[in-house]
file work13.cif (mmCIF, C-alpha atoms and all ligand atoms)
data_run
loop_
_atom_site.label_atom_id
_atom_site.label_comp_id
_atom_site.auth_asym_id
_atom_site.auth_seq_id
_atom_site.Cartn_x
_atom_site.Cartn_y
_atom_site.Cartn_z
CA MET A 1 11.86 9.04 49.41
CA GLY A 2 11.11 12.58 48.17
CA SER A 3 13.93 15.02 47.68
CA TYR A 4 12.71 17.11 50.65
CA HIS A 5 13.03 14.09 52.92
CA LYS A 6 16.40 13.19 51.46
CA THR A 7 17.62 16.72 52.19
CA MET A 8 16.35 16.54 55.77
CA VAL A 9 18.02 13.15 56.35
CA LEU A 10 21.28 14.50 54.93
CA LEU A 11 21.06 17.56 57.19
CA VAL A 12 20.52 15.47 60.28
CA VAL A 13 23.43 13.18 59.33
CA LEU A 14 25.66 16.19 58.73
CA LEU A 15 24.70 17.68 62.08
CA ILE A 16 25.51 14.41 63.86
CA VAL A 17 28.86 14.07 62.05
CA CYS A 18 29.79 17.67 62.91
CA ARG A 19 28.80 17.20 66.50
CA ILE A 20 30.58 13.93 67.19
CA SER A 21 33.85 15.07 65.71
CA ALA A 22 33.71 18.56 67.17
CA ASP A 23 36.05 17.95 70.08
CA LEU A 24 39.32 17.32 68.26
CA GLU A 25 40.40 20.47 66.50
CA ARG A 26 40.98 19.94 62.76
CA PHE A 27 43.46 21.60 60.45
CA GLU A 28 43.54 21.47 56.67
CA GLN A 29 47.07 21.15 55.36
CA THR A 30 47.39 22.25 51.76
CA THR A 31 49.45 19.89 49.64
CA LYS A 32 51.29 20.27 46.36
CA GLY A 33 48.24 18.72 44.66
CA ASP A 34 50.38 16.21 42.73
CA GLY A 35 49.24 13.18 44.73
CA THR A 36 52.32 13.15 46.98
CA LEU A 37 52.83 14.02 50.63
CA ARG A 38 56.26 14.22 52.21
CA PHE A 39 57.30 15.14 55.71
CA LEU A 40 60.09 14.72 58.26
CA VAL A 41 59.68 13.47 61.82
CA VAL A 42 61.96 14.45 64.72
CA GLY A 43 61.51 13.97 68.45
CA ASP A 44 63.10 14.68 71.83
CA TRP A 45 65.16 17.59 70.57
CA GLY A 46 65.21 20.99 72.38
CA ARG A 47 68.72 21.30 73.84
CA LYS A 48 69.95 24.62 72.37
CA GLY A 49 71.80 22.74 69.65
CA GLU A 50 73.74 20.48 72.01
CA PHE A 51 74.06 16.69 71.83
CA ASN A 52 74.15 16.85 68.03
CA GLN A 53 70.78 18.64 67.82
CA SER A 54 72.33 21.12 65.36
CA ARG A 55 73.84 18.35 63.24
CA VAL A 56 70.50 16.54 63.04
CA ALA A 57 68.84 19.88 62.17
CA PHE A 58 71.37 20.51 59.39
CA GLN A 59 70.73 17.11 57.80
CA MET A 60 66.96 17.58 58.14
CA GLY A 61 67.39 20.79 56.13
CA ARG A 62 69.35 18.97 53.43
CA ILE A 63 66.95 16.00 53.14
CA GLY A 64 63.93 18.32 53.47
CA GLU A 65 65.20 20.30 50.45
CA LYS A 66 65.81 17.17 48.40
CA MET A 67 62.34 15.78 49.19
CA ASP A 68 60.52 19.12 48.89
CA ILE A 69 58.69 18.39 52.15
CA ASP A 70 55.21 19.65 52.98
CA PHE A 71 55.65 19.93 56.76
CA VAL A 72 57.53 18.66 59.83
CA VAL A 73 56.16 16.53 62.67
CA SER A 74 57.62 16.69 66.19
CA THR A 75 56.90 13.75 68.48
CA GLY A 76 57.34 15.82 71.67
CA ASP A 77 59.84 16.51 74.42
CA ASN A 78 60.26 19.76 72.58
CA PHE A 79 62.20 21.60 75.29
CA TYR A 80 64.59 20.10 77.87
CA ASP A 81 64.81 19.57 80.70
CA ASN A 82 61.51 20.93 81.89
CA GLY A 83 59.54 22.29 78.94
CA LEU A 84 59.07 26.05 78.67
CA LYS A 85 58.85 28.32 81.73
CA GLY A 86 56.30 30.49 79.90
CA VAL A 87 55.64 32.05 76.50
CA GLU A 88 58.59 34.40 76.96
CA ASP A 89 61.09 31.63 77.74
CA PRO A 90 64.13 32.23 75.44
CA ASN A 91 64.53 28.45 75.16
CA PHE A 92 61.82 28.57 72.47
CA VAL A 93 64.00 30.63 70.15
CA ASP A 94 67.31 29.07 71.31
CA SER A 95 66.17 25.47 70.78
CA PHE A 96 63.69 25.85 67.90
CA THR A 97 63.86 29.05 65.81
CA ASP A 98 67.66 29.39 65.88
CA ILE A 99 68.32 25.67 65.27
CA TYR A 100 65.99 24.60 62.44
CA THR A 101 67.08 27.44 60.19
CA ALA A 102 67.28 25.68 56.80
CA LYS A 103 65.04 27.05 54.08
CA SER A 104 63.30 23.68 53.59
CA LEU A 105 62.31 23.60 57.28
CA GLN A 106 60.46 26.94 57.08
CA LYS A 107 57.21 24.98 56.81
CA GLN A 108 54.41 24.20 59.22
CA TRP A 109 55.57 22.21 62.27
CA PHE A 110 52.98 20.01 63.99
CA ASN A 111 54.03 19.34 67.59
CA VAL A 112 52.70 17.25 70.46
CA LEU A 113 53.70 17.53 74.11
CA GLY A 114 56.09 15.05 75.72
CA ASN A 115 56.39 14.22 79.41
CA HIS A 116 59.28 16.73 79.77
CA ASP A 117 57.04 19.44 78.28
CA TYR A 118 54.49 18.72 81.03
CA ARG A 119 57.20 19.41 83.63
CA GLY A 120 57.14 23.07 82.62
CA ASP A 121 54.34 25.44 81.64
CA ALA A 122 52.56 23.04 79.28
CA VAL A 123 49.87 25.60 78.49
CA ALA A 124 52.53 28.03 77.20
CA GLN A 125 53.50 25.64 74.39
CA LEU A 126 49.88 25.62 73.21
CA SER A 127 49.69 29.42 73.19
CA PRO A 128 49.04 31.27 69.90
CA LEU A 129 51.56 33.83 71.20
CA LEU A 130 54.36 31.43 70.23
CA ARG A 131 53.09 31.54 66.64
CA LYS A 132 53.73 35.30 66.71
CA ILE A 133 57.38 34.60 67.59
CA ASP A 134 57.73 31.78 65.03
CA SER A 135 54.83 31.23 62.64
CA ARG A 136 55.86 27.59 61.96
CA TRP A 137 54.87 26.53 65.47
CA LEU A 138 51.64 24.64 66.10
CA CYS A 139 51.28 22.59 69.25
CA LEU A 140 48.02 21.30 70.70
CA ARG A 141 47.31 18.41 73.04
CA SER A 142 45.32 16.32 70.54
CA PHE A 143 44.29 17.37 67.04
CA ILE A 144 43.77 16.19 63.48
CA VAL A 145 45.54 17.27 60.30
CA ASN A 146 43.80 16.55 57.03
CA ALA A 147 46.48 16.43 54.34
CA GLU A 148 44.49 15.09 51.37
CA LEU A 149 45.85 11.55 50.93
CA ALA A 150 46.67 11.15 54.60
CA GLU A 151 45.01 12.09 57.83
CA LEU A 152 47.24 12.56 60.86
CA PHE A 153 45.79 12.08 64.35
CA PHE A 154 47.92 13.66 67.08
CA VAL A 155 47.31 12.17 70.52
CA ASP A 156 48.34 13.53 73.93
CA THR A 157 49.89 10.39 75.48
CA SER A 158 51.48 11.69 78.74
CA PRO A 159 48.19 11.66 80.71
CA PHE A 160 47.89 7.90 80.01
CA VAL A 161 51.04 7.07 81.98
CA ASP A 162 49.97 6.14 85.54
CA GLU A 163 53.46 6.55 86.97
CA TYR A 164 53.48 10.31 86.36
CA PHE A 165 50.52 10.58 88.74
CA THR A 166 51.24 7.83 91.28
CA ASN A 167 55.02 8.11 91.50
CA PRO A 168 56.17 11.46 90.07
CA GLY A 169 59.37 11.55 92.16
CA ASP A 170 60.94 15.03 92.12
CA HIS A 171 58.97 16.09 89.07
CA VAL A 172 56.03 18.45 89.11
CA TYR A 173 53.67 18.03 86.17
CA ASP A 174 51.41 20.74 84.83
CA TRP A 175 48.11 18.87 84.60
CA ARG A 176 46.00 22.02 84.17
CA ASP A 177 43.07 21.25 81.83
CA VAL A 178 43.88 17.52 82.03
CA SER A 179 42.26 16.71 85.40
CA PRO A 180 40.31 14.67 86.18
CA VAL A 181 42.52 12.46 84.08
CA LYS A 182 40.16 9.46 83.77
CA THR A 183 37.50 11.68 82.18
CA TYR A 184 40.11 13.38 80.00
CA ILE A 185 41.35 10.04 78.62
CA ALA A 186 37.84 8.63 78.15
CA HIS A 187 36.82 11.68 76.06
CA LEU A 188 40.04 11.63 74.08
CA LEU A 189 39.72 7.93 73.19
CA LYS A 190 36.07 8.35 72.20
CA ASP A 191 36.82 11.37 70.01
CA LEU A 192 39.76 9.60 68.39
CA GLU A 193 37.77 6.44 67.72
CA LEU A 194 34.95 8.40 66.04
CA ALA A 195 37.40 10.44 63.99
CA LEU A 196 39.22 7.31 62.82
CA GLU A 197 35.94 5.57 61.97
CA ASN A 198 34.83 8.56 59.89
CA SER A 199 38.16 9.04 58.14
CA LYS A 200 38.14 8.56 54.37
CA ALA A 201 41.89 9.12 53.98
CA THR A 202 44.01 6.56 52.16
CA TRP A 203 46.59 6.66 54.96
CA LYS A 204 45.74 6.92 58.64
CA ILE A 205 48.69 7.99 60.74
CA VAL A 206 48.61 8.37 64.52
CA VAL A 207 51.30 10.41 66.30
CA GLY A 208 52.01 10.43 70.05
CA HIS A 209 55.00 11.02 72.29
CA HIS A 210 55.11 7.64 74.04
CA ALA A 211 55.83 4.39 72.25
CA ILE A 212 53.23 1.64 72.07
CA ARG A 213 56.06 -0.79 71.29
CA SER A 214 59.73 -0.21 72.04
CA VAL A 215 62.75 -2.41 72.73
CA SER A 216 64.67 0.56 74.14
CA HIS A 217 65.01 2.15 77.58
CA HIS A 218 61.34 2.77 78.41
CA GLY A 219 59.97 -0.33 76.68
CA ASP A 220 56.30 -0.68 75.75
CA THR A 221 53.87 1.82 77.27
CA LEU A 222 51.46 -0.70 78.76
CA GLU A 223 48.65 1.85 79.23
CA LEU A 224 48.76 2.55 75.47
CA VAL A 225 48.95 -1.16 74.61
CA ASP A 226 45.79 -1.68 76.67
CA GLN A 227 43.79 1.45 75.83
CA LEU A 228 44.99 2.96 72.54
CA LEU A 229 46.26 0.05 70.44
CA PRO A 230 42.90 -1.80 70.13
CA ILE A 231 41.34 1.35 68.63
CA LEU A 232 44.16 1.67 66.10
CA GLN A 233 43.96 -2.02 65.17
CA ALA A 234 40.18 -1.84 64.68
CA ASN A 235 40.36 1.21 62.41
CA ASP A 236 42.96 0.35 59.77
CA VAL A 237 45.66 2.66 61.07
CA ASP A 238 48.82 2.31 58.98
CA LEU A 239 51.49 3.96 61.09
CA TYR A 240 51.92 4.83 64.76
CA ILE A 241 54.74 7.37 65.14
CA ASN A 242 56.31 8.30 68.50
CA GLY A 243 59.38 9.60 70.31
CA HIS A 244 60.20 9.22 74.04
CA ASP A 245 62.91 6.60 73.60
CA HIS A 246 65.96 8.43 72.27
CA CYS A 247 66.55 6.16 69.32
CA LEU A 248 65.22 5.20 65.90
CA GLN A 249 63.27 1.97 65.47
CA ARG A 250 60.67 0.15 63.41
CA ILE A 251 58.59 -2.65 64.85
CA SER A 252 55.78 -4.43 62.97
CA ASP A 253 52.62 -5.22 64.88
CA THR A 254 52.08 -8.97 65.13
CA LYS A 255 48.26 -8.65 64.92
CA SER A 256 47.74 -5.97 62.25
CA PRO A 257 49.59 -4.15 59.45
CA ILE A 258 50.47 -1.28 61.84
CA GLN A 259 54.11 -0.19 61.85
CA PHE A 260 55.42 1.28 65.12
CA LEU A 261 57.96 3.95 64.21
CA THR A 262 60.13 5.65 66.83
CA SER A 263 61.79 8.93 65.90
CA GLY A 264 63.01 10.28 69.24
CA ALA A 265 66.62 10.92 68.32
CA GLY A 266 66.65 14.71 67.79
CA SER A 267 69.43 15.28 70.35
CA LYS A 268 70.69 13.28 73.37
CA ALA A 269 70.90 9.54 72.61
CA TRP A 270 73.21 6.56 73.22
CA ARG A 271 71.26 5.10 76.11
CA GLY A 272 72.87 1.73 75.53
CA ASP A 273 69.97 -0.40 76.68
CA VAL A 274 68.06 -2.72 74.40
CA ASN A 275 65.61 -5.26 75.77
CA THR A 276 65.82 -8.29 73.50
CA SER A 277 63.24 -10.25 75.51
CA ASN A 278 60.68 -7.95 73.91
CA ASP A 279 61.70 -7.95 70.25
CA GLN A 280 58.77 -9.62 68.42
CA GLY A 281 58.31 -7.81 65.12
CA LEU A 282 61.50 -5.76 65.50
CA LYS A 283 62.76 -4.77 62.05
CA PHE A 284 65.22 -1.97 62.78
CA PHE A 285 66.87 -0.37 65.80
CA TYR A 286 69.50 2.39 66.02
CA ASP A 287 70.69 3.65 69.38
CA GLY A 288 71.88 7.05 68.19
CA GLN A 289 70.83 10.43 66.82
CA GLY A 290 68.88 11.06 63.64
CA PHE A 291 65.43 11.53 62.16
CA MET A 292 62.88 9.95 59.83
CA SER A 293 61.18 10.84 56.56
CA VAL A 294 57.74 9.79 55.32
CA ASP A 295 57.01 9.82 51.58
CA LEU A 296 53.43 9.01 50.55
CA THR A 297 51.48 8.60 47.34
CA TYR A 298 47.97 7.11 47.01
CA THR A 299 49.55 3.67 46.57
CA HIS A 300 52.94 3.73 48.31
CA VAL A 301 54.64 4.69 51.53
CA VAL A 302 58.41 4.98 51.91
CA ILE A 303 59.89 5.39 55.39
CA ILE A 304 63.58 6.27 55.71
CA PHE A 305 65.67 6.67 58.87
CA TYR A 306 68.80 8.87 58.73
CA ASP A 307 71.75 9.33 61.08
CA VAL A 308 73.57 12.52 62.06
CA PHE A 309 75.52 12.48 58.77
CA GLY A 310 72.31 12.22 56.73
CA SER A 311 73.22 8.65 55.76
CA ILE A 312 70.38 6.20 55.26
CA LEU A 313 70.21 3.64 58.07
CA HIS A 314 67.00 1.86 57.11
CA ARG A 315 64.43 2.07 54.34
CA TRP A 316 61.00 0.43 54.33
CA THR A 317 58.35 0.59 51.66
CA MET A 318 54.83 -0.75 51.41
CA SER A 319 52.17 -0.55 48.74
CA LYS A 320 48.38 -0.54 48.87
CA PRO A 321 46.08 -1.46 46.01
CA LEU A 322 44.66 1.71 44.45
CA LEU A 323 41.17 0.27 44.98
CA HIS A 324 41.58 0.98 48.66
CA SER A 325 41.90 4.70 48.05
CA ILE A 326 38.90 4.89 45.71
CA MET A 327 36.50 3.19 48.11
C1 LIG B 401 77.38 13.02 67.78
O1 LIG B 401 77.29 12.07 66.72
C2 LIG B 401 78.46 11.28 66.53
C3 LIG B 401 78.21 10.41 65.32
O2 LIG B 401 77.10 9.58 65.46
C4 LIG B 401 78.70 10.46 67.80
O3 LIG B 401 79.88 9.68 67.64
C5 LIG B 401 78.84 11.39 68.98
O4 LIG B 401 78.97 10.63 70.18
C6 LIG B 401 77.61 12.30 69.09
N1 LIG B 401 77.83 13.27 70.15
C7 LIG B 401 76.99 13.40 71.19
C8 LIG B 401 77.36 14.46 72.19
O5 LIG B 401 76.01 12.71 71.36
C1 LIG B 402 62.37 -6.47 79.24
O1 LIG B 402 61.05 -6.60 78.73
C2 LIG B 402 60.28 -7.52 79.47
C3 LIG B 402 58.96 -7.70 78.72
O2 LIG B 402 58.47 -6.51 78.19
C4 LIG B 402 60.10 -7.01 80.89
O3 LIG B 402 59.31 -7.89 81.64
C5 LIG B 402 61.48 -6.87 81.53
O4 LIG B 402 61.37 -6.27 82.81
C6 LIG B 402 62.39 -6.00 80.67
N1 LIG B 402 63.76 -6.04 81.20
C7 LIG B 402 64.44 -4.95 81.53
C8 LIG B 402 65.85 -5.17 82.00
O5 LIG B 402 63.99 -3.82 81.46
#
call {"tool": "encode", "arguments": {"input": "work13.cif", "output": "structure tokens"}}
result
Amino acid sequence: MGSYHKTMVLLVVLLIVCRISADLERFEQTTKGDGTLRFLVVGDWGRKGEFNQSRVAFQMGRIGEKMDIDFVVSTGDNFYDNGLKGVEDPNFVDSFTDIYTAKSLQKQWFNVLGNHDYRGDAVAQLSPLLRKIDSRWLCLRSFIVNAELAELFFVDTSPFVDEYFTNPGDHVYDWRDVSPVKTYIAHLLKDLELALENSKATWKIVVGHHAIRSVSHHGDTLELVDQLLPILQANDVDLYINGHDHCLQRISDTKSPIQFLTSGAGSKAWRGDVNTSNDQGLKFFYDGQGFMSVDLTYTHVVIIFYDVFGSILHRWTMSKPLLHSIM
């Protein structure tokens, strides 16, 4: 093939790649450039400091400093009880800006929406106006963060849950820009699948609010087991990280290397219900407040769960042959 033809083929391929992955917004996260990536994960937190939110925040600051973290991930249910009322809602400052005050937490925060966030003005949390109030804030429904050795795929999981549509009870959900939901989910899954297939990152990490697997109050989210999990299993995803259940847990998938990590213990916890009939692959469960850290290199991952005193509750590490990252 002549070089002209090669160039044309390359152009067409590039155009296709750009087009198919155009729907999920992408962000480049600069890293320290030393082959490490470290971040904290907290979920289900915004309660103006109450229910130990401030104590968890303090320990996040301490551990964040020690680890020299690159960013923070929030697994949703950012503001209780019913999200934000609008961009001017003081709950944003009271539950976020004024709580996570440590120097080490003055980094980019990547947030998804939880079901409680959809009970308020969901669109407000996505607004760039919030970034003017606190520049750390970034919340979108579904998006991708390219952080050199890892790619993080944030997925909007609330629209998957049938019950919120068929049996909402007293709750009113803000489904603006989500309806019709079947189309919304079909597009989202297609975009995610293509993005995962095209990903060259050593570590593929998917973040959503709802658990795929959980032995706690809400249990497995069956819609995600049916619709999302097969895509993750087919595309070498390493970690699925969620909140929703107000606890900390690690469950290993029985059919793939995926680890299901719940970090939904940013404030109110102590639900007291564990379903042991559903504990295949369960490696760790803590029914109290705390958070999680993720420490990555090209060959290793270290996951640590901490309680409200910053004490280590559980530590898990896994290595990958370097070959994997070169291919
Ligand atoms: C705060 O954390 C402590 C230690 O885990 C726990 O005993 C206490 O019940 C928590 N308080 C609330 C309000 O959850
Ligand atoms: C426990 O989990 C099983 C299987 O997931 C489910 O069928 C059952 O209803 C759950 N029990 C309770 C008390 O929630």
call {"tool": "residues_around", "arguments": {"input": "work13.cif", "residues": "Asn82 in chain A", "least_positions_apart": "6", "cutoff": "10 Å", "atoms": "all atoms listed in the file", "output": "number ranges by chain"}}
result
A: 115-122, 171-173
call {"tool": "axis_aligned_box", "arguments": {"input": "work13.cif", "around": "ligand LIG 402 (chain B)", "padding_each_side": "6 Å", "output": "JSON"}}
result
{"center_x": 62.2, "center_y": -5.9, "center_z": 80.5, "size_x": 19.4, "size_y": 16.1, "size_z": 16.6}
call {"tool": "closest_residue", "arguments": {"input": "work13.cif", "among": "A:Gly281, A:Glu148, A:Pro159, A:Leu84", "to": "Ala124 in chain A", "atoms": "all atoms listed in the file"}}
result
A:Leu84
call {"tool": "closest_atom_pairs", "arguments": {"input": "work13.cif", "of": "chain A", "to": "ligand LIG 402 (chain B)", "cutoff": "6 Å", "atoms": "all atoms listed in the file", "output": "tab-separated table"}}
result
residue	atom	partner	partner_atom	distance
A:Asn275	CA	B:LIG402	C1	4.9
A:Ser277	CA	B:LIG402	O1	5.3
A:Asn278	CA	B:LIG402	O1	5.0
call {"tool": "residues_around", "arguments": {"input": "work13.cif", "residues": "Val87 in chain A", "least_positions_apart": "3", "cutoff": "9 Å", "atoms": "only C-alpha atoms", "output": "count of residues only"}}
result
10
call {"tool": "atom_distance", "arguments": {"input": "work13.cif", "atom1": "CA of Val181 in chain A", "atom2": "CA of Ile231 in chain A"}}
result
19.1 Å
call {"tool": "residues_near_ligand", "arguments": {"input": "work13.cif", "ligand": "ligand LIG 401 (chain B)", "cutoff": "12 Å", "atoms": "all atoms listed in the file", "output": "ChimeraX atom specification"}}
result
/A:45,47,49-56,246-247,265-271,286-290,306-311,313
call {"tool": "decode", "arguments": {"input": "work13.cif", "residues": "range 276-293 of chain A", "atoms": "N, CA, C and O atoms", "output": "compact mmCIF listing (two decimals), in the first residue's frame"}}
result
# COMPACT_ATOMS: atom_id res chain seq x y z
N THR A 276 -26.58 -12.90 54.44
CA THR A 276 -25.54 -13.92 54.27
C THR A 276 -25.92 -15.00 53.25
O THR A 276 -25.09 -15.82 52.89
N SER A 277 -27.18 -14.97 52.78
CA SER A 277 -27.56 -15.96 51.75
C SER A 277 -26.96 -15.57 50.40
O SER A 277 -27.10 -16.29 49.42
N ASN A 278 -26.30 -14.41 50.39
CA ASN A 278 -25.85 -13.83 49.12
C ASN A 278 -24.36 -13.50 49.20
O ASN A 278 -23.93 -12.49 48.66
N ASP A 279 -23.57 -14.33 49.91
CA ASP A 279 -22.21 -13.89 50.20
C ASP A 279 -21.11 -14.61 49.42
O ASP A 279 -19.95 -14.63 49.84
N GLN A 280 -21.43 -15.14 48.23
CA GLN A 280 -20.39 -15.75 47.39
C GLN A 280 -19.35 -14.68 47.04
O GLN A 280 -19.71 -13.62 46.56
N GLY A 281 -18.10 -15.00 47.27
CA GLY A 281 -17.02 -14.07 46.91
C GLY A 281 -16.78 -12.96 47.92
O GLY A 281 -15.91 -12.12 47.72
N LEU A 282 -17.55 -12.93 49.01
CA LEU A 282 -17.39 -11.85 49.99
C LEU A 282 -16.04 -11.97 50.70
O LEU A 282 -15.72 -13.01 51.26
N LYS A 283 -15.27 -10.88 50.66
CA LYS A 283 -13.94 -10.90 51.26
C LYS A 283 -13.84 -9.97 52.46
O LYS A 283 -13.00 -10.14 53.32
N PHE A 284 -14.69 -8.94 52.48
CA PHE A 284 -14.62 -7.97 53.57
C PHE A 284 -15.93 -7.20 53.64
O PHE A 284 -16.50 -6.83 52.62
N PHE A 285 -16.41 -6.99 54.88
CA PHE A 285 -17.62 -6.19 55.08
C PHE A 285 -17.50 -5.42 56.39
O PHE A 285 -17.12 -5.99 57.41
N TYR A 286 -17.81 -4.13 56.35
CA TYR A 286 -17.80 -3.31 57.57
C TYR A 286 -19.04 -2.42 57.56
O TYR A 286 -19.24 -1.61 56.65
N ASP A 287 -19.86 -2.60 58.56
CA ASP A 287 -21.14 -1.89 58.64
C ASP A 287 -20.99 -0.58 59.41
O ASP A 287 -21.67 -0.36 60.40
N GLY A 288 -20.06 0.25 58.97
CA GLY A 288 -19.87 1.52 59.68
C GLY A 288 -19.25 2.55 58.75
O GLY A 288 -19.11 2.31 57.55
N GLN A 289 -18.87 3.72 59.32
CA GLN A 289 -18.38 4.81 58.49
C GLN A 289 -16.90 4.67 58.12
O GLN A 289 -16.13 4.05 58.85
N GLY A 290 -16.54 5.26 57.02
CA GLY A 290 -15.15 5.25 56.58
C GLY A 290 -15.03 5.54 55.10
O GLY A 290 -15.96 6.06 54.47
N PHE A 291 -13.88 5.21 54.54
CA PHE A 291 -13.60 5.50 53.13
C PHE A 291 -12.56 4.51 52.61
O PHE A 291 -12.13 3.62 53.35
N MET A 292 -12.15 4.69 51.37
CA MET A 292 -11.27 3.73 50.71
C MET A 292 -10.16 4.48 49.97
O MET A 292 -10.39 5.59 49.50
N SER A 293 -9.00 3.86 49.87
CA SER A 293 -7.94 4.44 49.03
C SER A 293 -7.55 3.44 47.95
O SER A 293 -7.64 2.22 48.13
